[in-house]
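Q: Quick one: this structure, given as structure tokens, is what I'll be asking you about.
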Amino acid sequence: MLSTEIAATVKKENQINYTTFEWKNGRRLANDQDVAYILPSDQTEVDRLQLNHNLWKLFKSPIHNKLVKGIRVLDIGCGPGWWTLDMARLYPNSQFIGVDMADVFVTENKPSNVEFRLLNAGTSLDIFEDESFDFVFQRFLVMGFSTDQYIQSVQQMKRILKPDGAIEILELVNEYGHAGPAFKNINQWINEALVARGMDSFIADKISGYLQDAKFKNIQDINYDVPIGAWGGQAGELFLAIQKMALPAVKVMVTELTKVTDEEYEENLKEAYEEVEKYQVSTRFRLIYASK
Ligand SMILES: C[S@@+](CC[C@H](N)C(=O)[O-])C[C@H]1O[C@@H](n2cnc3c(N)ncnc32)[C@H](O)[C@@H]1O
């Protein structure tokens, strides 16, 4: 549950800045010049992220044995912490830290090997010491980090990883595949909103290049095309349910940052849901993992 309207953003251990939030059209959004994020930070979004978490395997990096023995793991932009919590239960000898700028952490029955910390990861990853983690994980920050923050985050991940440590990033490409006219509108509107905040719809396609620039080794880059709708079987049905929560969630900032009106957006949304089967709409993801 949300404990407060104000989330702490730690610059140094003893100096805390706060990310402020405001309610707009029934959704709670960050209102802070250092935060680019355009999705809400509220209970409905916590529930959507739980569904979204169920769509994915936990990790691909070859670190199962190390996790069993016990290592230190950082989850950047962990949100409610669905990944962190599952990993911590699976690997009780390892220590997990999840950081997020929003206080949406799920703390009920939190295992003792999990620590959640409020932190603006776009500006303040420097609080972590060099070579202090064995595994760093980051998932779905395309709507959260500006391009500069994304690149800096990769560099910080390199710095805080121990030699031979593992990095893994799962990211969405913000362009629906096989889009009909309504999904083409959505592609364009979300892209405009992201550009207005200095973000890049196609950052996923650039991550392995950022890892190369940062001199990571053994870089693997996997593409996934995830179907939306019954045409894609069980995964497609689940992803449609997720989209039915994500598209209303992103509406508040899209209508604020572009010329699209609420009515236009809503009308278009109805058409979009009709399109998923007809056009076999999908979303592309990229999973990039490597070692230091
Ligand atoms: C789409 S959610 C993904 C959450 C989680 N990684 C997952 O896969 O379930 C993006 C998360 O990034 C967080 N976020 C966005 N900008 C951030 C920033 N500058 N610093 C820390 N967290 C941020 C949001 O609060 C949100 O929890």
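If you're wondering about the labels, chains in the structure tokens are A, B, ... by order shown, residues count from 1 in each chain, ligands from 1 in order shown.
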Return as a PDB file with all heavy atoms, in the first residue's frame the residues of protein, DNA or RNA that approach ligand 1 to within 7 Å, with only C-alpha atoms and all ligand atoms taken into account.
A:
ATOM      1  N   VAL A  35      12.354  13.678 -12.485  1.00  0.00           N
ATOM      2  CA  VAL A  35      11.709  12.397 -12.786  1.00  0.00           C
ATOM      3  C   VAL A  35      10.953  12.532 -14.103  1.00  0.00           C
ATOM      4  O   VAL A  35      10.038  13.339 -14.224  1.00  0.00           O
ATOM      5  CB  VAL A  35      10.752  11.971 -11.637  1.00  0.00           C
ATOM      6  CG1 VAL A  35       9.966  10.730 -12.029  1.00  0.00           C
ATOM      7  CG2 VAL A  35      11.537  11.724 -10.353  1.00  0.00           C
ATOM      8  N   ALA A  36      11.318  11.710 -15.082  1.00  0.00           N
ATOM      9  CA  ALA A  36      10.691  11.777 -16.410  1.00  0.00           C
ATOM     10  C   ALA A  36       9.458  10.868 -16.506  1.00  0.00           C
ATOM     11  O   ALA A  36       8.652  11.017 -17.420  1.00  0.00           O
ATOM     12  CB  ALA A  36      11.718  11.363 -17.472  1.00  0.00           C
ATOM     13  N   TYR A  37       9.312   9.968 -15.579  1.00  0.00           N
ATOM     14  CA  TYR A  37       8.331   8.865 -15.632  1.00  0.00           C
ATOM     15  C   TYR A  37       6.918   9.345 -15.971  1.00  0.00           C
ATOM     16  O   TYR A  37       6.423  10.289 -15.359  1.00  0.00           O
ATOM     17  CB  TYR A  37       8.316   8.178 -14.275  1.00  0.00           C
ATOM     18  CG  TYR A  37       7.670   6.822 -14.241  1.00  0.00           C
ATOM     19  CD1 TYR A  37       7.969   5.855 -15.182  1.00  0.00           C
ATOM     20  CD2 TYR A  37       6.777   6.486 -13.223  1.00  0.00           C
ATOM     21  CE1 TYR A  37       7.389   4.599 -15.123  1.00  0.00           C
ATOM     22  CE2 TYR A  37       6.201   5.224 -13.151  1.00  0.00           C
ATOM     23  CZ  TYR A  37       6.511   4.287 -14.111  1.00  0.00           C
ATOM     24  OH  TYR A  37       5.949   3.038 -14.047  1.00  0.00           O
ATOM     25  N   SER A  41       1.960   6.050 -10.180  1.00  0.00           N
ATOM     26  CA  SER A  41       2.519   5.288  -9.055  1.00  0.00           C
ATOM     27  C   SER A  41       1.395   5.135  -8.049  1.00  0.00           C
ATOM     28  O   SER A  41       1.314   5.889  -7.074  1.00  0.00           O
ATOM     29  CB  SER A  41       3.678   6.062  -8.416  1.00  0.00           C
ATOM     30  OG  SER A  41       4.653   6.402  -9.367  1.00  0.00           O
ATOM     31  N   LEU A  49       1.422  -4.162 -12.576  1.00  0.00           N
ATOM     32  CA  LEU A  49       2.806  -4.655 -12.620  1.00  0.00           C
ATOM     33  C   LEU A  49       2.911  -6.094 -12.120  1.00  0.00           C
ATOM     34  O   LEU A  49       3.799  -6.834 -12.533  1.00  0.00           O
ATOM     35  CB  LEU A  49       3.728  -3.718 -11.827  1.00  0.00           C
ATOM     36  CG  LEU A  49       3.936  -2.345 -12.494  1.00  0.00           C
ATOM     37  CD1 LEU A  49       4.643  -1.377 -11.551  1.00  0.00           C
ATOM     38  CD2 LEU A  49       4.729  -2.489 -13.809  1.00  0.00           C
ATOM     39  N   GLN A  50       1.963  -6.491 -11.259  1.00  0.00           N
ATOM     40  CA  GLN A  50       1.968  -7.896 -10.811  1.00  0.00           C
ATOM     41  C   GLN A  50       1.590  -8.808 -11.982  1.00  0.00           C
ATOM     42  O   GLN A  50       2.248  -9.830 -12.224  1.00  0.00           O
ATOM     43  CB  GLN A  50       1.000  -8.081  -9.647  1.00  0.00           C
ATOM     44  CG  GLN A  50       1.052  -9.491  -9.080  1.00  0.00           C
ATOM     45  CD  GLN A  50       0.243  -9.649  -7.811  1.00  0.00           C
ATOM     46  OE1 GLN A  50      -0.744  -8.946  -7.607  1.00  0.00           O
ATOM     47  NE2 GLN A  50       0.656 -10.572  -6.973  1.00  0.00           N
ATOM     48  N   ASN A  52       1.958  -8.100 -15.108  1.00  0.00           N
ATOM     49  CA  ASN A  52       3.068  -7.974 -16.050  1.00  0.00           C
ATOM     50  C   ASN A  52       4.248  -8.874 -15.649  1.00  0.00           C
ATOM     51  O   ASN A  52       4.892  -9.501 -16.489  1.00  0.00           O
ATOM     52  CB  ASN A  52       3.515  -6.504 -16.055  1.00  0.00           C
ATOM     53  CG  ASN A  52       4.230  -6.124 -17.311  1.00  0.00           C
ATOM     54  OD1 ASN A  52       3.869  -6.574 -18.394  1.00  0.00           O
ATOM     55  ND2 ASN A  52       5.257  -5.317 -17.178  1.00  0.00           N
ATOM     56  N   HIS A  53       4.478  -8.931 -14.348  1.00  0.00           N
ATOM     57  CA  HIS A  53       5.561  -9.768 -13.814  1.00  0.00           C
ATOM     58  C   HIS A  53       5.319 -11.240 -14.177  1.00  0.00           C
ATOM     59  O   HIS A  53       6.263 -11.971 -14.507  1.00  0.00           O
ATOM     60  CB  HIS A  53       5.615  -9.579 -12.299  1.00  0.00           C
ATOM     61  CG  HIS A  53       6.558 -10.482 -11.593  1.00  0.00           C
ATOM     62  ND1 HIS A  53       7.925 -10.453 -11.803  1.00  0.00           N
ATOM     63  CD2 HIS A  53       6.351 -11.479 -10.685  1.00  0.00           C
ATOM     64  CE1 HIS A  53       8.501 -11.378 -11.050  1.00  0.00           C
ATOM     65  NE2 HIS A  53       7.571 -12.010 -10.373  1.00  0.00           N
ATOM     66  N   ILE A  76      16.949  -2.183 -10.052  1.00  0.00           N
ATOM     67  CA  ILE A  76      16.818  -0.732 -10.261  1.00  0.00           C
ATOM     68  C   ILE A  76      15.439  -0.412 -10.859  1.00  0.00           C
ATOM     69  O   ILE A  76      15.065  -0.951 -11.887  1.00  0.00           O
ATOM     70  CB  ILE A  76      17.943  -0.226 -11.185  1.00  0.00           C
ATOM     71  CG1 ILE A  76      19.300  -0.467 -10.519  1.00  0.00           C
ATOM     72  CG2 ILE A  76      17.753   1.254 -11.520  1.00  0.00           C
ATOM     73  CD1 ILE A  76      20.487  -0.161 -11.419  1.00  0.00           C
ATOM     74  N   GLY A  77      14.702   0.483 -10.202  1.00  0.00           N
ATOM     75  CA  GLY A  77      13.336   0.795 -10.637  1.00  0.00           C
ATOM     76  C   GLY A  77      12.450  -0.406 -10.385  1.00  0.00           C
ATOM     77  O   GLY A  77      11.690  -0.835 -11.251  1.00  0.00           O
ATOM     78  N   CYS A  78      12.552  -0.941  -9.170  1.00  0.00           N
ATOM     79  CA  CYS A  78      11.914  -2.239  -8.852  1.00  0.00           C
ATOM     80  C   CYS A  78      10.401  -2.151  -8.766  1.00  0.00           C
ATOM     81  O   CYS A  78       9.718  -3.179  -8.774  1.00  0.00           O
ATOM     82  CB  CYS A  78      12.469  -2.782  -7.539  1.00  0.00           C
ATOM     83  SG  CYS A  78      12.052  -1.744  -6.126  1.00  0.00           S
ATOM     84  N   GLY A  79       9.849  -0.922  -8.670  1.00  0.00           N
ATOM     85  CA  GLY A  79       8.403  -0.772  -8.526  1.00  0.00           C
ATOM     86  C   GLY A  79       7.938  -1.439  -7.242  1.00  0.00           C
ATOM     87  O   GLY A  79       8.610  -1.345  -6.203  1.00  0.00           O
ATOM     88  N   PRO A  80       6.832  -2.185  -7.277  1.00  0.00           N
ATOM     89  CA  PRO A  80       6.331  -2.851  -6.069  1.00  0.00           C
ATOM     90  C   PRO A  80       7.313  -3.898  -5.550  1.00  0.00           C
ATOM     91  O   PRO A  80       7.261  -4.297  -4.392  1.00  0.00           O
ATOM     92  CB  PRO A  80       5.039  -3.524  -6.544  1.00  0.00           C
ATOM     93  CG  PRO A  80       4.678  -2.833  -7.821  1.00  0.00           C
ATOM     94  CD  PRO A  80       5.956  -2.379  -8.441  1.00  0.00           C
ATOM     95  N   GLY A  81       8.199  -4.371  -6.444  1.00  0.00           N
ATOM     96  CA  GLY A  81       9.213  -5.349  -6.045  1.00  0.00           C
ATOM     97  C   GLY A  81       8.805  -6.782  -6.344  1.00  0.00           C
ATOM     98  O   GLY A  81       9.320  -7.715  -5.721  1.00  0.00           O
ATOM     99  N   TRP A  82       7.923  -6.985  -7.292  1.00  0.00           N
ATOM    100  CA  TRP A  82       7.458  -8.356  -7.574  1.00  0.00           C
ATOM    101  C   TRP A  82       8.621  -9.257  -7.927  1.00  0.00           C
ATOM    102  O   TRP A  82       8.697 -10.409  -7.475  1.00  0.00           O
ATOM    103  CB  TRP A  82       6.413  -8.368  -8.700  1.00  0.00           C
ATOM    104  CG  TRP A  82       5.179  -7.573  -8.374  1.00  0.00           C
ATOM    105  CD1 TRP A  82       4.689  -6.495  -9.051  1.00  0.00           C
ATOM    106  CD2 TRP A  82       4.264  -7.797  -7.282  1.00  0.00           C
ATOM    107  NE1 TRP A  82       3.541  -6.032  -8.453  1.00  0.00           N
ATOM    108  CE2 TRP A  82       3.253  -6.813  -7.370  1.00  0.00           C
ATOM    109  CE3 TRP A  82       4.207  -8.727  -6.234  1.00  0.00           C
ATOM    110  CZ2 TRP A  82       2.201  -6.733  -6.451  1.00  0.00           C
ATOM    111  CZ3 TRP A  82       3.155  -8.646  -5.326  1.00  0.00           C
ATOM    112  CH2 TRP A  82       2.179  -7.670  -5.446  1.00  0.00           C
ATOM    113  N   TRP A  83       9.556  -8.762  -8.736  1.00  0.00           N
ATOM    114  CA  TRP A  83      10.736  -9.563  -9.120  1.00  0.00           C
ATOM    115  C   TRP A  83      11.632  -9.792  -7.901  1.00  0.00           C
ATOM    116  O   TRP A  83      12.026 -10.923  -7.609  1.00  0.00           O
ATOM    117  CB  TRP A  83      11.508  -8.835 -10.233  1.00  0.00           C
ATOM    118  CG  TRP A  83      12.676  -9.597 -10.769  1.00  0.00           C
ATOM    119  CD1 TRP A  83      12.667 -10.510 -11.779  1.00  0.00           C
ATOM    120  CD2 TRP A  83      14.051  -9.504 -10.326  1.00  0.00           C
ATOM    121  NE1 TRP A  83      13.936 -10.999 -11.999  1.00  0.00           N
ATOM    122  CE2 TRP A  83      14.813 -10.403 -11.119  1.00  0.00           C
ATOM    123  CE3 TRP A  83      14.719  -8.765  -9.341  1.00  0.00           C
ATOM    124  CZ2 TRP A  83      16.190 -10.572 -10.961  1.00  0.00           C
ATOM    125  CZ3 TRP A  83      16.094  -8.943  -9.184  1.00  0.00           C
ATOM    126  CH2 TRP A  83      16.812  -9.831  -9.984  1.00  0.00           C
ATOM    127  N   VAL A  99      15.384  -0.628  -5.519  1.00  0.00           N
ATOM    128  CA  VAL A  99      15.278   0.834  -5.377  1.00  0.00           C
ATOM    129  C   VAL A  99      14.236   1.369  -6.356  1.00  0.00           C
ATOM    130  O   VAL A  99      14.117   0.908  -7.495  1.00  0.00           O
ATOM    131  CB  VAL A  99      16.630   1.554  -5.608  1.00  0.00           C
ATOM    132  CG1 VAL A  99      17.643   1.156  -4.556  1.00  0.00           C
ATOM    133  CG2 VAL A  99      17.192   1.317  -7.007  1.00  0.00           C
ATOM    134  N   ASP A 100      13.491   2.352  -5.885  1.00  0.00           N
ATOM    135  CA  ASP A 100      12.495   3.004  -6.742  1.00  0.00           C
ATOM    136  C   ASP A 100      12.247   4.399  -6.181  1.00  0.00           C
ATOM    137  O   ASP A 100      12.408   4.628  -4.984  1.00  0.00           O
ATOM    138  CB  ASP A 100      11.178   2.215  -6.758  1.00  0.00           C
ATOM    139  CG  ASP A 100      10.359   2.512  -8.003  1.00  0.00           C
ATOM    140  OD1 ASP A 100       9.737   3.602  -8.056  1.00  0.00           O
ATOM    141  OD2 ASP A 100      10.354   1.691  -8.941  1.00  0.00           O
ATOM    142  N   MET A 101      11.855   5.331  -7.079  1.00  0.00           N
ATOM    143  CA  MET A 101      11.582   6.689  -6.603  1.00  0.00           C
ATOM    144  C   MET A 101      10.184   6.797  -5.998  1.00  0.00           C
ATOM    145  O   MET A 101       9.852   7.808  -5.384  1.00  0.00           O
ATOM    146  CB  MET A 101      11.777   7.718  -7.728  1.00  0.00           C
ATOM    147  CG  MET A 101      10.930   7.539  -8.968  1.00  0.00           C
ATOM    148  SD  MET A 101       9.328   8.308  -8.804  1.00  0.00           S
ATOM    149  CE  MET A 101       8.451   7.602 -10.197  1.00  0.00           C
ATOM    150  N   ALA A 102       9.358   5.760  -6.182  1.00  0.00           N
ATOM    151  CA  ALA A 102       7.989   5.794  -5.660  1.00  0.00           C
ATOM    152  C   ALA A 102       7.812   4.770  -4.549  1.00  0.00           C
ATOM    153  O   ALA A 102       8.326   3.650  -4.624  1.00  0.00           O
ATOM    154  CB  ALA A 102       6.998   5.517  -6.792  1.00  0.00           C
ATOM    155  N   LEU A 119      14.694   5.908  -3.914  1.00  0.00           N
ATOM    156  CA  LEU A 119      15.867   6.490  -4.561  1.00  0.00           C
ATOM    157  C   LEU A 119      15.520   6.904  -5.984  1.00  0.00           C
ATOM    158  O   LEU A 119      14.894   6.131  -6.711  1.00  0.00           O
ATOM    159  CB  LEU A 119      16.956   5.414  -4.614  1.00  0.00           C
ATOM    160  CG  LEU A 119      18.303   5.840  -5.167  1.00  0.00           C
ATOM    161  CD1 LEU A 119      19.098   6.546  -4.078  1.00  0.00           C
ATOM    162  CD2 LEU A 119      19.091   4.631  -5.650  1.00  0.00           C
ATOM    163  N   ASN A 120      15.923   8.102  -6.371  1.00  0.00           N
ATOM    164  CA  ASN A 120      15.827   8.465  -7.783  1.00  0.00           C
ATOM    165  C   ASN A 120      17.029   7.851  -8.487  1.00  0.00           C
ATOM    166  O   ASN A 120      18.147   8.367  -8.404  1.00  0.00           O
ATOM    167  CB  ASN A 120      15.798   9.980  -7.971  1.00  0.00           C
ATOM    168  CG  ASN A 120      15.607  10.351  -9.439  1.00  0.00           C
ATOM    169  OD1 ASN A 120      15.835   9.523 -10.335  1.00  0.00           O
ATOM    170  ND2 ASN A 120      15.192  11.569  -9.682  1.00  0.00           N
ATOM    171  N   ALA A 121      16.793   6.741  -9.185  1.00  0.00           N
ATOM    172  CA  ALA A 121      17.899   6.022  -9.824  1.00  0.00           C
ATOM    173  C   ALA A 121      18.410   6.765 -11.049  1.00  0.00           C
ATOM    174  O   ALA A 121      19.477   6.445 -11.569  1.00  0.00           O
ATOM    175  CB  ALA A 121      17.433   4.614 -10.208  1.00  0.00           C
ATOM    176  N   GLY A 122      17.661   7.753 -11.496  1.00  0.00           N
ATOM    177  CA  GLY A 122      18.125   8.555 -12.628  1.00  0.00           C
ATOM    178  C   GLY A 122      19.199   9.549 -12.230  1.00  0.00           C
ATOM    179  O   GLY A 122      19.946  10.040 -13.082  1.00  0.00           O
ATOM    180  N   THR A 123      19.283   9.855 -10.936  1.00  0.00           N
ATOM    181  CA  THR A 123      20.250  10.872 -10.496  1.00  0.00           C
ATOM    182  C   THR A 123      21.152  10.392  -9.363  1.00  0.00           C
ATOM    183  O   THR A 123      22.193  10.998  -9.120  1.00  0.00           O
ATOM    184  CB  THR A 123      19.504  12.129  -9.970  1.00  0.00           C
ATOM    185  OG1 THR A 123      18.612  11.711  -8.929  1.00  0.00           O
ATOM    186  CG2 THR A 123      18.708  12.815 -11.068  1.00  0.00           C
ATOM    187  N   GLN A 138      17.512  -4.547 -14.217  1.00  0.00           N
ATOM    188  CA  GLN A 138      16.686  -3.364 -14.481  1.00  0.00           C
ATOM    189  C   GLN A 138      15.622  -3.741 -15.511  1.00  0.00           C
ATOM    190  O   GLN A 138      15.951  -4.283 -16.562  1.00  0.00           O
ATOM    191  CB  GLN A 138      17.579  -2.239 -15.012  1.00  0.00           C
ATOM    192  CG  GLN A 138      16.855  -0.922 -15.234  1.00  0.00           C
ATOM    193  CD  GLN A 138      17.811   0.155 -15.710  1.00  0.00           C
ATOM    194  OE1 GLN A 138      18.653   0.641 -14.956  1.00  0.00           O
ATOM    195  NE2 GLN A 138      17.697   0.518 -16.959  1.00  0.00           N
ATOM    196  N   ARG A 139      14.350  -3.433 -15.193  1.00  0.00           N
ATOM    197  CA  ARG A 139      13.282  -3.896 -16.086  1.00  0.00           C
ATOM    198  C   ARG A 139      12.244  -2.801 -16.315  1.00  0.00           C
ATOM    199  O   ARG A 139      11.695  -2.244 -15.376  1.00  0.00           O
ATOM    200  CB  ARG A 139      12.622  -5.124 -15.425  1.00  0.00           C
ATOM    201  CG  ARG A 139      11.744  -5.916 -16.336  1.00  0.00           C
ATOM    202  CD  ARG A 139      11.358  -7.251 -15.711  1.00  0.00           C
ATOM    203  NE  ARG A 139      10.456  -7.128 -14.590  1.00  0.00           N
ATOM    204  CZ  ARG A 139       9.834  -8.151 -14.004  1.00  0.00           C
ATOM    205  NH1 ARG A 139      10.063  -9.382 -14.411  1.00  0.00           N
ATOM    206  NH2 ARG A 139       9.028  -7.969 -12.997  1.00  0.00           N
ATOM    207  N   PHE A 140      12.006  -2.492 -17.572  1.00  0.00           N
ATOM    208  CA  PHE A 140      10.925  -1.582 -17.996  1.00  0.00           C
ATOM    209  C   PHE A 140      11.083  -0.145 -17.508  1.00  0.00           C
ATOM    210  O   PHE A 140      10.220   0.392 -16.811  1.00  0.00           O
ATOM    211  CB  PHE A 140       9.545  -2.149 -17.585  1.00  0.00           C
ATOM    212  CG  PHE A 140       9.310  -3.554 -18.034  1.00  0.00           C
ATOM    213  CD1 PHE A 140       8.733  -4.498 -17.191  1.00  0.00           C
ATOM    214  CD2 PHE A 140       9.682  -3.956 -19.315  1.00  0.00           C
ATOM    215  CE1 PHE A 140       8.525  -5.805 -17.603  1.00  0.00           C
ATOM    216  CE2 PHE A 140       9.477  -5.264 -19.739  1.00  0.00           C
ATOM    217  CZ  PHE A 140       8.900  -6.189 -18.879  1.00  0.00           C
ATOM    218  N   LEU A 141      12.189   0.486 -17.892  1.00  0.00           N
ATOM    219  CA  LEU A 141      12.410   1.897 -17.570  1.00  0.00           C
ATOM    220  C   LEU A 141      12.279   2.786 -18.796  1.00  0.00           C
ATOM    221  O   LEU A 141      12.642   3.956 -18.744  1.00  0.00           O
ATOM    222  CB  LEU A 141      13.794   2.076 -16.914  1.00  0.00           C
ATOM    223  CG  LEU A 141      13.859   2.067 -15.386  1.00  0.00           C
ATOM    224  CD1 LEU A 141      13.117   3.267 -14.795  1.00  0.00           C
ATOM    225  CD2 LEU A 141      13.316   0.808 -14.759  1.00  0.00           C
ATOM    226  N   GLY A 144      10.634   5.773 -18.043  1.00  0.00           N
ATOM    227  CA  GLY A 144      11.091   6.365 -16.782  1.00  0.00           C
ATOM    228  C   GLY A 144      12.396   7.115 -16.881  1.00  0.00           C
ATOM    229  O   GLY A 144      12.570   8.139 -16.219  1.00  0.00           O
ATOM    230  N   PHE A 145      13.327   6.621 -17.672  1.00  0.00           N
ATOM    231  CA  PHE A 145      14.640   7.268 -17.771  1.00  0.00           C
ATOM    232  C   PHE A 145      14.744   8.042 -19.083  1.00  0.00           C
ATOM    233  O   PHE A 145      14.456   7.493 -20.161  1.00  0.00           O
ATOM    234  CB  PHE A 145      15.768   6.229 -17.781  1.00  0.00           C
ATOM    235  CG  PHE A 145      16.143   5.683 -16.422  1.00  0.00           C
ATOM    236  CD1 PHE A 145      16.915   4.528 -16.325  1.00  0.00           C
ATOM    237  CD2 PHE A 145      15.770   6.324 -15.251  1.00  0.00           C
ATOM    238  CE1 PHE A 145      17.285   4.012 -15.095  1.00  0.00           C
ATOM    239  CE2 PHE A 145      16.132   5.810 -14.011  1.00  0.00           C
ATOM    240  CZ  PHE A 145      16.888   4.654 -13.934  1.00  0.00           C
TER     241      PHE A 145
END
Q: As a ChimeraX atom specification, please: all residues of region 55-288 of chain A that backbone DSSP puts in helix (DSSP H, G or I).
A: /A:64-69,82-90,125-127,147-160,181-196,203-213,230-257,262-279
Q: Could you please determine the separation between CA of Gln95 (chain A) and CA of Val114 (chain A) in Å, to one decimal place?
A: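 Those two atoms sit 6.3 Å apart.
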Q: List the neighbours of region 256-268 of chain A out to 7 Å using only C-alpha atoms; skip same-chain residues closer than 5 positions along the sequence, and give me the result as a VMD selection string.
A: chain A and resid 182 189 192 to 193 196
Q: Output as a ChimeraX atom specification all residues of region 26-206 of chain A that backbone DSSP marks as strand (DSSP E or B).
A: /A:27-30,72-76,95-100,114-118,133-139,161-177
Q: Out of A:Phe116, A:Phe135, A:Phe21, A:Tyr176, which residue has the shortest atom-to-atom distance to Lys162 (chain A) when counting only C-alpha atoms?
A: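 Nearest candidate to Lys162 (chain A) out of A:Phe116, A:Phe135, A:Phe21, A:Tyr176: A:Phe135.
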Q: Find the spatial neighbours of Lys278 (chain A), counting only C-alpha atoms, within a cut-off of 12 Å - ignore same-chain residues fewer than 4 positions away - and output them as a VMD selection string.
A: chain A and resid 178 to 183 228 to 231 271 to 274 282
Q: Go through A:Ala249, A:Lys217, A:Asp34, A:Leu58 one by one, measure the shortest atom-to-atom distance of each to Asp148 (chain A) using only C-alpha atoms, and give the residue with the smallest value.
A: A:Asp34
Q: Residues within 8 Å of Phe239 (chain A), please, as a PyMOL selection string. Count only C-alpha atoms; anything in the same chain fewer than 3 positions from it doesn't count.
A: chain A and resi 52+55+226-229+235-236+242-243
Q: I need the residue nearest Ser132 (chain A) from this list: A:Asn109, A:Ile167, A:Arg72, A:Val154. Use only C-alpha atoms for the distance.
A: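 Counting only C-alpha atoms, the residue closest to Ser132 (chain A) is A:Arg72.
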Q: Select, from A:Gly177, A:Leu194, A:Leu39, A:Asp134, the residue with the minimum atom-to-atom distance to Lys24 (chain A), counting only C-alpha atoms.
A: A:Leu39
Q: Set the distance at 9 Å and use only C-alpha atoms: which residues neighbour Ser61 (chain A) once local chain neighbours fewer than 6 positions away are removed? I'd like the list as JSON, numbers by chain.
A: {"A": [166, 167, 168, 289, 290, 291]}
Q: Mind pulling up the distance from CA of Lys292 (chain A) to CA of Phe216 (chain A)?
A: 4.9 Å
Q: Taking only C-alpha atoms into account, name the residue in A:Gln152, A:Asn113, A:Ile186, A:Leu51 that is nearest to Lys251 (chain A).
A: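 Using only C-alpha atoms, Lys251 (chain A) sits closest to A:Ile186.
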Q: Using only C-alpha atoms, can you tell me which of A:Ile127, A:Met157, A:Val46, A:Ile190 comes closest to Val173 (chain A)?
A: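 Looking at the shortest contact to Val173 (chain A), the residue is A:Ile190.
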Q: Rounded to one decimal in Å, what is the spacing between CA of Thr255 (chain A) and CA of Arg284 (chain A)?
A: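 Going from CA of Thr255 (chain A) over to CA of Arg284 (chain A) covers 24.2 Å.
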Q: Pick out the residues sitting within 6 Å of region 87-94 of chain A, and hand them over as a count of residues only; count only C-alpha atoms, and ignore anything fewer than 4 positions along from it in its own chain.
A: 5
